[in-house]
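Reading through the structure tokens given below for one structure.
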Amino acid sequence: MIEEIDLLNMVERKRNDIIELTRSLIRIPSVAGEERDCQNFILDRLNRLDWKMDVWEPKISELKNHPAYSDVEKCEEVRVRNYDARPNVVATLQGSGGGKSLILNGHVDVVPPGSREMWSHDPWGGELEDGRLYGRGAVDMKGGLAAIIAAAETICEAGVSLKGNLILESVVDEESGGNGTLACLLRGYTADAAIITEPSQLSIRNGIGLASTGTNQYRIKVKGRSGHPSSLQFAEYVSAIDKASAILGAIKNFNSIRQQERLRLNPPLYRMFAVTNLIGVGKIRAGEWFSMMPNLAFIEGSTQCYPGENLEEVKKKFADYIASFANLDPWMRSNPPEIEFFGIHIIPTEVGTSEPIVTTVRDSARRIWKVEPTLMGLPGGSDLRIFTEYGKIPALLFGPGGGGLHAVDEFVITNDVIDITKAIVSTICSWCRMKR
């Protein structure tokens with residue numbers, strides 16, 4: 001009769017194969033909007049399991065009326081603003097009955113690598129150095145995807161029969177709002193619990209994530225009056241860039257205010273983070289001609305809020321602050337900047353520490369890591385709220401650590417990938433129950 005220790009030993013023997021699987025995933029570019037090739041690779045791999053497979057392209061018409069929908073059609077960052085050739089892949093192992101069901105969820109899309117010259121490693125190379133695998137998406141979250149695929153393979157290769165259903169979801173479009181996971185929920189995929197293998201050990205070692213923040217994209221349209229650079233003495237132009245620079249200062253001040261509000265709120269799962277950025281600027285654009293002062297500038301970014309805060313209230317507070325600041329400037333008083341919220345819309349969420357799935361994962365991690373796991377909140381948005389807030393499915397974030405999240409020289413720690421795989425195998429056996 002196979003025991004948990006036998007399965008953990010199998011994972012250890014598969015170490016090189018799991019690392020190579022992670023490397024293969026990294027080497028397939030899957031920037032949001034271009035996930036098909038990587039999903040096809042995952043589909044081919046999962047087809048070996050002889051599980052029930054489901055592959056489909058989400059339809060915006062079926063998503064857009066749901067409150068969790070993020071408007072991908074307005075997201076300029078995504079090169080394909082629909083889901084043509086962007087399939088979700090779901091594999092299901094049907095249990096015999098009498099056990100609890102579990103969803104393992106990971107997203108295949110990654111953010112762009114940015115300027116290649118800034119990287120020390122090829123962003124699509126999957127280069128291994130000193131126990132680190134480098135590349136765009138390595139920690140966010142190809143390492144986590146590799147862990148759940150490897151866990152599923154281990155269960156099958158060992159001939160383990162489960163009483164509860166096990167569902168593996170490889171989804172698209174997390175980075176621009178989470179519509180891939182939403183599509184799975186609307187397709188009827190539900191369970192007694194879910195694990196998302198986001199990098200919970202990124203900021204805190206040995207972490208299990210029980211919360212994630214809310215976030216919404218914003219765009220501020222700043223107005224000026226165009227003119228030739230030499231015509232300032234005649235007051236013929238007002239540079240929108242100059243006015244936007246002032247707005248950037250206001251955003252920085254608002255961020256300081258929000259940090260003080262966060263300290264007063266003092267969310268328990270975020271107390272280990274001394275300072276967190278609660279509003280960011282990701283894009284600035286202005287101008288059409290080098291010798292024409294611009295009459296428009298645009299600032300885009302995201303604002304965040306913690307569990308216990310209301311996202312709509314935070315958005316209103318931000319808009320009111322920008323309006324009040326602009327009113328101090330004579331030009332902007334007459335030509336007020338316009339702010340809109342669009343695209344990504346993620347509400348904050350938090351899972352109770354006493355949830356059975358938390359206890360199960362915590363016990364499994366403790367056995368694998370030989371240390372007490374830290375329960376914490378993820379300082380960013382995630383698909384967690386799709387399960388907890390909309391699907392009413394207890395869920396948590398549990399994935400390998402690394403560095404370079406949304407930055408150059410992103411990497412995942414290979415030992416973490418192996419340890420997470422082991423802990424997930426252990427969790428599957430405890431949660432879904434092995435049939436003896």
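In the structure tokens, each chain is lettered A, B, ... as it comes, each chain's residues begin at 1, and ligands are numbered from 1 in order of appearance.
Residues lying within 6 Å of range 234-246 of chain A, counting only C-alpha atoms and ignoring same-chain neighbours fewer than 5 positions away, are Lys223, Gly224, Arg225, Ser226, Gly227, Met293, Pro294, Asn295, Leu296 and Ala297 of chain A.
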Check your understanding: Could you pull out the strand (DSSP E or B) residues of range 290-356 of chain A from DSSP and send them as a list in words?
Key -> Met293, Leu296, Ala297, Phe298, Ile299, Glu300, Gly301, Ser302, Thr303, Gln304, Cys305, Glu338, Ile339, Glu340, Phe341, Phe342, Gly343, Ile344, His345, Ile346, Thr349 and Glu350 of chain A
Check your understanding: Which residue out of A:Gly249, A:Pro87, A:Pro336, A:Gly377 has the minimum interatomic distance to Met272 in chain A when only C-alpha atoms are used?
Key ->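 Of all the options, A:Gly377 lies closest to Met272 in chain A.
Picture a line from CA of Ala152 in chain A to CA of Gly391 in chain A; it runs 23.3 Å.
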Study note, to complete from the structure: Judged by only C-alpha atoms, the minimum distance to Leu49 in chain A among A:Lys100, A:Val89, A:Asp130, A:Ile155 is found for A:Ile155
Could you give me, as a CSV table (one decimal) with C-alpha atoms, in the first residue's frame, the residues within 12 Å of Ile167 in chain A, counting only C-alpha atoms and dropping anything in the same chain fewer than 3 positions from it?
```
chain,number,residue,atom,x,y,z
A,46,LEU,CA,-1.8,16.8,-19.3
A,51,TRP,CA,-7.9,12.7,-17.1
A,52,LYS,CA,-11.0,14.4,-18.5
A,53,MET,CA,-9.8,17.4,-20.5
A,54,ASP,CA,-11.7,20.6,-21.2
A,89,VAL,CA,-7.1,24.2,-20.1
A,90,VAL,CA,-8.8,22.3,-17.3
A,91,ALA,CA,-8.1,18.6,-16.4
A,92,THR,CA,-10.3,16.7,-14.0
A,93,LEU,CA,-9.6,13.5,-12.1
A,94,GLN,CA,-12.9,12.1,-11.0
A,95,GLY,CA,-12.9,10.7,-7.5
A,100,LYS,CA,-13.5,16.5,-0.6
A,101,SER,CA,-12.8,18.1,-4.0
A,102,LEU,CA,-9.8,20.4,-4.7
A,103,ILE,CA,-9.0,22.9,-7.5
A,104,LEU,CA,-5.3,23.6,-8.3
A,105,ASN,CA,-5.1,26.8,-10.2
A,106,GLY,CA,-2.3,28.6,-12.1
A,148,ILE,CA,0.7,21.5,-9.8
A,149,ILE,CA,1.4,19.6,-13.1
A,151,ALA,CA,1.9,16.9,-8.4
A,152,ALA,CA,-0.9,15.6,-10.7
A,162,LEU,CA,-8.7,9.5,-4.8
A,164,GLY,CA,-12.6,13.4,-4.0
A,170,SER,CA,-4.3,26.4,-16.3
A,184,CYS,CA,-13.7,28.5,-15.2
A,188,GLY,CA,-19.2,25.3,-13.5
A,189,TYR,CA,-15.9,24.4,-12.0
A,190,THR,CA,-16.3,24.4,-8.3
A,191,ALA,CA,-14.8,22.5,-5.4
A,192,ASP,CA,-14.6,22.3,-1.6
A,193,ALA,CA,-11.4,24.3,-1.7
A,194,ALA,CA,-8.8,25.7,-4.1
A,195,ILE,CA,-5.0,26.4,-4.1
A,196,ILE,CA,-3.5,29.0,-6.4
A,428,ILE,CA,-4.1,16.2,-2.2
A,432,CYS,CA,-9.2,14.4,-1.4
```
Check your understanding: Which is closer to Arg205 in chain A than all the others in A:Phe41, A:Trp369, A:Trp56, A:Tyr69, using only C-alpha atoms?
Key ->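 For Arg205 in chain A, the nearest of the candidates is A:Trp369.
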Please identify every residue of range 291-382 of chain A that has at least one atom no farther than 12 Å from an atom of range 410-425 of chain A, counting only C-alpha atoms, and for each give the shortest atom pair and the distance in Å to one decimal, arranged by chain then increasing number, as CSV.
```
residue,atom,partner,partner_atom,distance
A:Ile357,CA,A:Ile424,CA,11.5
A:Thr360,CA,A:Ala423,CA,9.9
A:Val361,CA,A:Ala423,CA,7.3
A:Arg362,CA,A:Ala423,CA,9.0
A:Asp363,CA,A:Ala423,CA,9.0
A:Ser364,CA,A:Ala423,CA,5.3
A:Ala365,CA,A:Ala423,CA,5.4
A:Arg366,CA,A:Ala423,CA,8.7
A:Arg367,CA,A:Ala423,CA,8.1
A:Ile368,CA,A:Ala423,CA,6.3
A:Trp369,CA,A:Asp419,CA,7.4
A:Lys370,CA,A:Asp419,CA,11.0
A:Pro373,CA,A:Ala423,CA,11.8
```
Mind dumping the selected residues with C-alpha atoms as a compact mmCIF listing (two decimals), in the first residue's frame?
```
# COMPACT_ATOMS: atom_id res chain seq x y z
CA ILE A 357 -7.95 23.90 3.72
CA THR A 360 -4.43 21.00 5.76
CA VAL A 361 -1.91 22.97 3.70
CA ARG A 362 -0.27 24.31 6.83
CA ASP A 363 0.21 20.79 8.21
CA SER A 364 1.60 19.55 4.89
CA ALA A 365 3.99 22.50 4.58
CA ARG A 366 5.17 22.06 8.16
CA ARG A 367 6.08 18.43 7.47
CA ILE A 368 7.93 19.33 4.24
CA TRP A 369 9.66 22.53 5.39
CA LYS A 370 10.39 21.42 8.97
CA PRO A 373 4.64 28.34 7.99
```
